[in-house]
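Text of the file upload_1.txt, holding compact mmCIF, C-alpha atoms:
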```
# COMPACT_ATOMS: atom_id res chain seq x y z
CA MET G 1 6.60 32.17 9.81
CA ARG G 2 6.30 29.83 12.80
CA VAL G 3 5.31 26.15 12.79
CA THR G 4 4.06 24.08 15.73
CA ALA G 5 3.13 20.40 16.01
CA ASP G 6 -0.30 20.48 17.64
CA GLY G 7 -0.97 16.73 17.44
CA VAL G 8 0.92 13.52 16.70
CA ARG G 9 -0.63 10.12 16.01
CA GLU G 10 0.53 6.77 14.64
CA LEU G 11 -1.59 5.47 11.77
CA ARG G 12 -2.87 1.91 11.97
CA PHE G 13 -5.65 0.10 10.18
CA ASP G 14 -8.58 -1.16 12.20
CA ASP G 15 -6.97 -4.62 12.39
CA GLY G 16 -3.89 -3.13 14.06
CA SER G 17 -1.56 -3.42 11.07
CA PRO G 18 0.50 -0.30 10.34
CA VAL G 19 -0.13 2.23 7.61
CA THR G 20 3.37 2.38 6.12
CA ALA G 21 5.32 4.72 3.85
CA ALA G 22 2.63 7.42 3.91
CA SER G 23 3.39 9.66 0.96
CA ALA G 24 0.34 11.87 0.30
CA ILE G 25 -2.98 12.92 1.83
CA ALA G 26 -6.20 14.46 0.49
CA PRO G 27 -9.78 14.88 1.76
CA LEU G 28 -12.34 12.19 0.93
CA GLY G 29 -15.87 11.73 2.24
CA GLY G 30 -15.55 13.30 5.66
CA GLY G 31 -12.09 11.81 6.16
CA TRP G 32 -8.67 11.69 4.54
CA LEU G 33 -7.21 9.35 1.93
CA VAL G 34 -3.56 8.54 2.68
CA ALA G 35 -1.39 7.04 -0.06
CA GLN G 36 1.21 4.40 0.83
CA ASP G 37 4.10 4.50 -1.62
CA ASP G 38 5.03 0.88 -0.84
CA ALA G 39 1.60 -0.66 -1.49
CA THR G 40 -1.26 -1.04 -3.96
CA SER G 41 -3.73 0.26 -1.37
CA ALA G 42 -4.39 3.53 0.44
CA ALA G 43 -5.66 4.18 3.95
CA TRP G 44 -9.01 5.92 4.36
CA VAL G 45 -8.74 7.71 7.71
CA ARG G 46 -12.16 8.61 9.15
CA PRO G 47 -13.45 9.45 12.63
CA ASP G 48 -14.73 5.88 13.05
CA GLY G 49 -11.55 4.10 11.95
CA VAL G 50 -8.97 3.46 9.24
CA ARG G 51 -9.76 1.09 6.38
CA PRO G 52 -7.77 0.04 3.32
CA VAL G 53 -8.85 1.07 -0.18
CA ARG G 54 -7.42 -0.94 -3.07
CA LEU G 55 -6.03 1.38 -5.74
CA LEU G 56 -4.28 -1.01 -8.12
CA PRO G 57 -4.21 -4.75 -8.80
CA PRO G 58 -1.32 -6.82 -7.42
CA VAL G 59 1.98 -6.42 -9.26
CA GLU G 60 3.44 -9.84 -10.08
CA GLY G 61 1.39 -11.18 -7.17
CA HIS G 62 2.54 -8.55 -4.67
CA ASP G 63 0.54 -5.88 -2.84
CA ARG G 64 3.40 -4.65 -0.66
CA PHE G 65 6.93 -3.91 -1.74
CA ALA G 66 10.26 -3.66 0.06
CA GLU G 67 13.94 -3.55 -0.77
CA ALA G 68 14.65 -6.44 1.62
CA ALA G 69 12.15 -8.63 -0.22
CA GLY G 70 13.62 -7.73 -3.60
CA THR G 71 10.34 -6.18 -4.75
CA LYS G 72 10.98 -2.45 -4.38
CA HIS G 73 11.43 -2.04 -8.14
CA LEU G 74 7.83 -3.22 -8.67
CA LYS G 75 6.08 -0.67 -6.47
CA PRO G 76 3.74 1.90 -8.07
CA ASP G 77 5.17 4.63 -5.81
CA LEU G 78 2.08 6.83 -5.58
CA GLU G 79 3.41 10.15 -4.24
CA VAL G 80 0.66 12.68 -5.01
CA ALA G 81 -2.89 12.96 -3.68
CA CYS G 82 -4.80 15.96 -4.96
CA PRO G 83 -8.44 17.02 -4.47
CA ALA G 84 -10.40 16.68 -7.70
CA GLU G 85 -13.95 16.33 -9.05
CA VAL G 86 -15.76 13.92 -11.34
CA ASP G 87 -19.16 15.05 -12.65
CA GLY G 88 -19.18 17.72 -9.96
CA GLU G 89 -18.60 15.25 -7.13
CA PRO G 90 -15.46 15.24 -4.92
CA ALA G 91 -12.68 12.82 -5.78
CA VAL G 92 -8.98 12.27 -5.15
CA LEU G 93 -6.36 12.13 -7.91
CA LEU G 94 -3.24 10.09 -7.11
CA LEU G 95 -0.10 10.09 -9.25
CA GLY G 96 3.07 8.01 -9.29
CA SER G 97 6.51 9.56 -8.95
CA GLY G 98 7.65 8.67 -12.47
CA SER G 99 11.07 7.64 -11.17
CA THR G 100 10.83 4.31 -13.05
CA PRO G 101 8.52 3.15 -15.87
CA GLN G 102 6.48 1.19 -13.28
CA ARG G 103 5.74 4.46 -11.44
CA MET G 104 3.89 6.37 -14.16
CA ARG G 105 0.28 5.62 -13.28
CA GLY G 106 -2.62 7.80 -12.27
CA VAL G 107 -5.48 6.71 -10.01
CA LEU G 108 -8.81 8.42 -9.39
CA VAL G 109 -10.89 7.62 -6.29
CA ARG G 110 -14.49 8.83 -6.01
CA LEU G 111 -17.42 7.82 -3.83
CA VAL G 112 -20.55 6.14 -5.15
CA ASP G 113 -23.22 5.58 -2.48
CA GLY G 114 -20.52 6.26 0.09
CA GLU G 115 -18.13 3.59 -1.17
CA PRO G 116 -14.82 4.21 -2.99
CA VAL G 117 -14.80 3.54 -6.73
CA VAL G 118 -11.39 3.50 -8.43
CA ALA G 119 -10.16 4.13 -11.98
CA ALA G 120 -6.52 3.88 -13.05
CA ALA G 121 -4.45 4.45 -16.18
CA GLU G 122 -0.91 4.32 -17.49
CA LEU G 123 0.33 7.86 -18.13
CA GLY G 124 3.83 7.26 -19.53
CA PRO G 125 3.51 9.78 -22.40
CA LEU G 126 2.47 12.50 -19.95
CA TYR G 127 5.47 11.83 -17.73
CA ALA G 128 7.75 12.02 -20.76
CA ARG G 129 6.21 15.39 -21.62
CA VAL G 130 6.73 16.65 -18.05
CA ALA G 131 10.39 15.58 -18.11
CA ALA G 132 10.90 17.34 -21.45
CA VAL G 133 9.32 20.58 -20.22
CA LEU G 134 11.43 20.49 -17.04
CA GLY G 135 14.57 19.61 -19.00
CA THR G 136 15.09 16.68 -16.63
CA PRO G 137 16.45 13.30 -17.82
CA MET G 138 13.87 10.54 -17.43
CA ASP G 139 16.15 8.64 -15.05
CA GLN G 140 16.15 11.67 -12.69
CA LEU G 141 12.40 12.32 -12.80
CA ASN G 142 10.87 12.21 -9.32
CA LEU G 143 7.47 13.94 -9.06
CA GLU G 144 6.61 13.83 -5.37
CA GLY G 145 4.12 16.58 -4.63
CA ALA G 146 1.35 18.73 -6.04
CA SER G 147 -0.93 21.59 -5.07
CA ARG G 148 -4.25 22.61 -6.55
CA SER G 149 -5.24 26.22 -7.21
CA ALA G 150 -8.73 26.41 -8.79
CA GLY G 151 -8.44 24.36 -12.00
CA THR G 152 -4.65 24.06 -12.11
CA VAL G 153 -2.37 21.48 -10.54
CA ARG G 154 1.22 22.51 -9.87
CA TRP G 155 3.13 19.25 -9.94
CA PHE G 156 6.57 19.29 -8.32
CA GLN G 157 9.81 17.63 -9.25
CA ARG G 158 11.68 16.72 -6.08
CA GLY G 159 15.14 18.04 -6.83
CA ASN G 160 18.48 16.50 -5.97
CA LEU G 161 21.32 19.00 -5.86
CA ALA G 162 23.89 16.19 -5.63
CA ALA G 163 22.72 15.04 -9.07
CA GLY G 164 22.39 18.58 -10.41
CA VAL G 165 18.57 18.45 -10.51
CA PRO G 166 16.71 21.47 -9.06
CA SER G 167 13.31 21.47 -7.43
CA ALA G 168 10.78 22.76 -9.96
CA GLY G 169 7.12 22.66 -10.83
CA VAL G 170 4.94 22.26 -13.88
CA ASP G 171 1.37 23.49 -14.29
CA VAL G 172 -1.22 21.04 -15.64
CA PRO G 173 -5.00 21.54 -16.05
CA LEU G 174 -6.80 19.42 -13.47
CA ASP G 175 -9.66 18.48 -15.78
CA ALA G 176 -7.21 17.21 -18.41
CA LEU G 177 -5.43 15.08 -15.80
CA VAL G 178 -8.73 13.61 -14.63
CA ASP G 179 -9.81 12.90 -18.21
CA ALA G 180 -6.48 11.17 -18.92
CA VAL G 181 -6.97 8.83 -15.97
CA LEU G 182 -10.56 8.13 -17.03
CA GLY G 183 -9.43 7.36 -20.59
CA VAL G 184 -11.28 10.33 -22.10
CA THR G 185 -8.08 12.15 -23.14
CA ASP G 186 -4.80 10.88 -24.58
CA PRO G 187 -2.16 11.39 -21.86
CA ALA G 188 0.23 12.68 -24.53
CA GLY G 189 -2.16 15.58 -25.18
CA VAL G 190 -2.34 16.93 -21.63
CA PRO G 191 -0.96 20.51 -21.65
CA VAL G 192 2.16 21.10 -19.53
CA THR G 193 3.84 24.43 -18.79
CA ALA G 194 6.78 25.24 -16.54
CA PRO G 195 6.60 28.27 -14.20
CA GLY G 196 10.24 27.96 -13.08
CA VAL G 197 12.67 26.42 -10.61
CA LEU G 198 12.92 26.86 -6.84
CA ASP G 199 16.04 27.40 -4.74
CA LEU G 200 15.19 26.09 -1.27
CA GLY G 201 18.76 26.16 0.06
CA GLU G 202 20.62 23.38 1.82
CA VAL G 203 21.34 21.98 5.27
CA ALA G 204 24.72 20.41 6.15
CA GLY G 205 25.59 20.35 2.48
CA VAL G 206 22.39 18.51 1.48
CA GLY G 207 19.86 20.39 -0.62
CA LEU G 208 16.28 20.83 0.54
CA ALA G 209 13.85 19.40 -2.01
CA VAL G 210 10.07 19.56 -2.38
CA THR G 211 8.07 16.59 -1.08
CA ASP G 212 4.55 18.07 -1.26
CA ALA G 213 2.59 21.33 -1.48
CA VAL G 214 -0.71 22.99 -0.63
CA ALA G 215 -2.19 26.19 -2.00
CA LEU G 216 -3.30 28.98 0.34
CA PRO G 217 -6.35 31.16 -0.36
CA ASP G 218 -4.11 34.14 -1.24
CA GLY G 219 -2.38 32.19 -4.02
CA ARG G 220 0.84 31.44 -2.18
CA LEU G 221 1.99 27.87 -1.57
CA LEU G 222 3.25 26.01 1.47
CA LEU G 223 5.77 23.33 0.59
CA SER G 224 7.14 20.49 2.67
CA ALA G 225 10.81 19.89 1.97
CA ALA G 226 13.42 17.36 3.02
CA ALA G 227 17.19 17.34 2.88
CA GLU G 228 17.78 13.66 2.08
CA ASP G 229 21.30 12.53 1.28
CA THR G 230 20.73 10.25 -1.70
CA PRO G 231 22.48 10.05 -5.09
CA ASN G 232 19.39 9.37 -7.18
CA ALA G 233 15.58 9.36 -7.45
CA VAL G 234 15.09 5.77 -6.26
CA ASP G 235 17.31 5.01 -3.25
CA ASP G 236 16.52 6.24 0.26
CA GLY G 237 19.13 8.08 2.29
CA PRO G 238 19.53 9.75 5.69
CA VAL G 239 17.28 12.78 6.18
CA VAL G 240 19.32 15.53 7.83
CA ALA G 241 16.55 18.15 7.96
CA ALA G 242 12.90 18.80 7.12
CA ALA G 243 11.25 22.17 6.61
CA LEU G 244 8.11 24.04 5.66
CA VAL G 245 8.58 26.63 2.92
CA LEU G 246 6.35 29.57 1.98
CA VAL G 247 6.58 30.58 -1.68
CA ASP G 248 4.94 33.17 -3.88
CA GLY G 249 5.27 32.04 -7.49
CA THR G 250 8.91 30.96 -7.60
CA THR G 251 10.02 33.38 -4.86
CA VAL G 252 10.89 31.75 -1.54
CA GLN G 253 9.57 33.95 1.28
CA SER G 254 10.33 31.82 4.34
CA VAL G 255 11.97 28.52 5.26
CA VAL G 256 11.26 27.15 8.74
CA PRO G 257 12.45 23.81 10.22
CA LEU G 258 9.65 21.37 10.97
CA PRO G 259 9.40 20.48 14.66
CA GLU G 260 11.21 17.30 15.65
CA VAL G 261 9.15 14.63 17.40
CA ALA G 262 10.82 12.56 20.12
CA GLY G 263 14.15 13.99 18.97
CA ARG G 264 13.69 12.74 15.39
CA VAL G 265 13.65 14.61 12.10
CA LEU G 266 10.41 13.58 10.41
CA LYS G 267 10.35 13.37 6.62
CA VAL G 268 6.96 14.85 5.80
CA GLU G 269 5.87 13.57 2.39
CA GLY G 270 2.23 14.65 2.28
CA LEU G 271 0.37 17.86 3.16
CA ALA G 272 -3.32 18.75 3.27
CA LEU G 273 -4.95 22.03 4.19
CA ARG G 274 -7.54 21.84 6.96
CA SER G 275 -8.26 25.57 7.25
CA ALA G 276 -6.68 28.93 6.52
CA GLY G 277 -7.36 32.56 7.36
CA ALA G 278 -6.25 35.57 9.39
CA GLY G 279 -2.55 34.84 8.89
CA ARG G 280 -2.77 31.21 9.99
CA ALA G 281 -3.00 27.83 8.27
CA ASP G 282 -3.80 24.48 9.87
CA LEU G 283 -2.40 21.46 8.08
CA LEU G 284 -2.37 17.70 8.24
CA ALA G 285 0.95 16.09 7.35
CA VAL G 286 1.95 12.46 6.88
CA VAL G 287 5.42 11.10 7.49
CA ASP G 288 7.28 8.32 5.68
CA ALA G 289 9.66 6.67 8.14
CA ASP G 290 11.42 4.66 5.37
CA ASP G 291 10.89 1.60 7.57
CA PRO G 292 8.55 -1.12 6.22
CA ASP G 293 7.56 -2.20 9.75
CA ALA G 294 6.97 1.23 11.29
CA PRO G 295 3.54 2.89 11.29
CA SER G 296 3.43 6.24 9.55
CA VAL G 297 2.79 9.33 11.62
CA LEU G 298 -0.02 11.84 11.13
CA LEU G 299 0.86 15.36 12.29
CA GLU G 300 -1.42 18.30 12.97
CA LEU G 301 0.60 21.40 12.13
CA GLY G 302 -0.24 24.99 13.01
CA VAL G 303 1.41 27.63 10.83
CA ASP G 304 1.62 31.30 11.77
CA LEU G 305 2.21 32.91 8.38
CA GLY G 306 3.44 36.17 9.90
```
Step by step, read the file and then write its structure as structure tokens.
Amino acid sequence: MRVTADGVRELRFDDGSPVTAASAIAPLGGGWLVAQDDATSAAWVRPDGVRPVRLLPPVEGHDRFAEAAGTKHLKPDLEVACPAEVDGEPAVLLLGSGSTPQRMRGVLVRLVDGEPVVAAAELGPLYARVAAVLGTPMDQLNLEGASRSAGTVRWFQRGNLAAGVPSAGVDVPLDALVDAVLGVTDPAGVPVTAPGVLDLGEVAGVGLAVTDAVALPDGRLLLSAAAEDTPNAVDDGPVVAAALVLVDGTTVQSVVPLPEVAGRVLKVEGLALRSAGAGRADLLAVVDADDPDAPSVLLELGVDLG
């Protein structure tokens, strides 16, 4: 497998303010919805500009959150953006990381007459079920990525080898997830199964861990992974490496370093598939710089699957 960076762009809203802490990306209405894990809004990136989309109400009066401001513990930490449908129409499902009780919400964004319409729900019982199926303590839960294959979402725990937590996935029916966010289904009743753990290896003694995933037409998955030196699921740490990983089921077939940009390792936290075929996949990837003042980066990645 070979990976190239075919395009690099900073993300800014139309007013010039930065899109920060980009954590997930999914298609929406001829553009792309980018989650910000430090905010109550997303960025809708379209050919004619970038506009904010409110996803959640302010939390204790705040719409942005930062460790320096003493508000990091309040953030909803939306880390997943997955293509979905409502009544046959395209939508985007966003999910919190679950790393604290404040981060266990689901959000659904759909378009009505071309404008985003948002629904949100607390999903605490579902997160508790996921942790139980994974065998992961609730204080180590950190669900940071997901892929969709037909009607199934594979939702990934971002592992932390330093804490003894492996990367692993659970399978959840997409329609049940959507119904839980819309209030049609009890979150506690959403089925959850565990296909197994993943061994992605390590770099400089730091384990690679899943940050997002996309499904390929042949059923395999491409995962973004980061080796971040942190003791837990909440605190940031130095990122010593980032990679793209090709997996078939729970079998790792290839691990390739992501290209550095301007000599920097970029922590890719969101992936979206633009096209795939004939042994190649073209992706969009978003990068969280872990800097509240720095604009996130949008990468165009070309992947030769070999």
G:Ala276 environment, 12 Å, all atoms listed in the file, sequence neighbours closer than 3 positions dropped, as a PyMOL selection string: chain G and resi 214-222+272-273+279-283+301-305
Within 9 Å of G:Asp186 using only C-alpha atoms, minus same-chain residues under 4 positions, as a PyMOL selection string: chain G and resi 123+125-126+179-180+190
Can those selected residues be exported to a file as a short mmCIF file (atom, residue, chain, number, x, y, z; two decimals), keeping the file's coordinate frame so that it contains C-alpha atoms?
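And here is the file that came out, result-v2.cif:
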```cif
data_model
loop_
_atom_site.label_atom_id
_atom_site.label_comp_id
_atom_site.auth_asym_id
_atom_site.auth_seq_id
_atom_site.Cartn_x
_atom_site.Cartn_y
_atom_site.Cartn_z
CA LEU G 123 0.33 7.86 -18.13
CA PRO G 125 3.51 9.78 -22.40
CA LEU G 126 2.47 12.50 -19.95
CA ASP G 179 -9.81 12.90 -18.21
CA ALA G 180 -6.48 11.17 -18.92
CA VAL G 190 -2.34 16.93 -21.63
#
```
12 Å contact set for G:Gly183, all atoms listed in the file, chain neighbours under 6 positions out, as a PyMOL selection string: chain G and resi 106-108+119-123+176-177+189-190
Contacts of stretch 285-291 of chain G at 8 Å (all atoms listed in the file; same-chain gap of 5+ positions) as a count of residues only: 21
Length of the atom CA of G:Met1 to atom CA of G:Leu208 vector [Å]: 17.6 Å
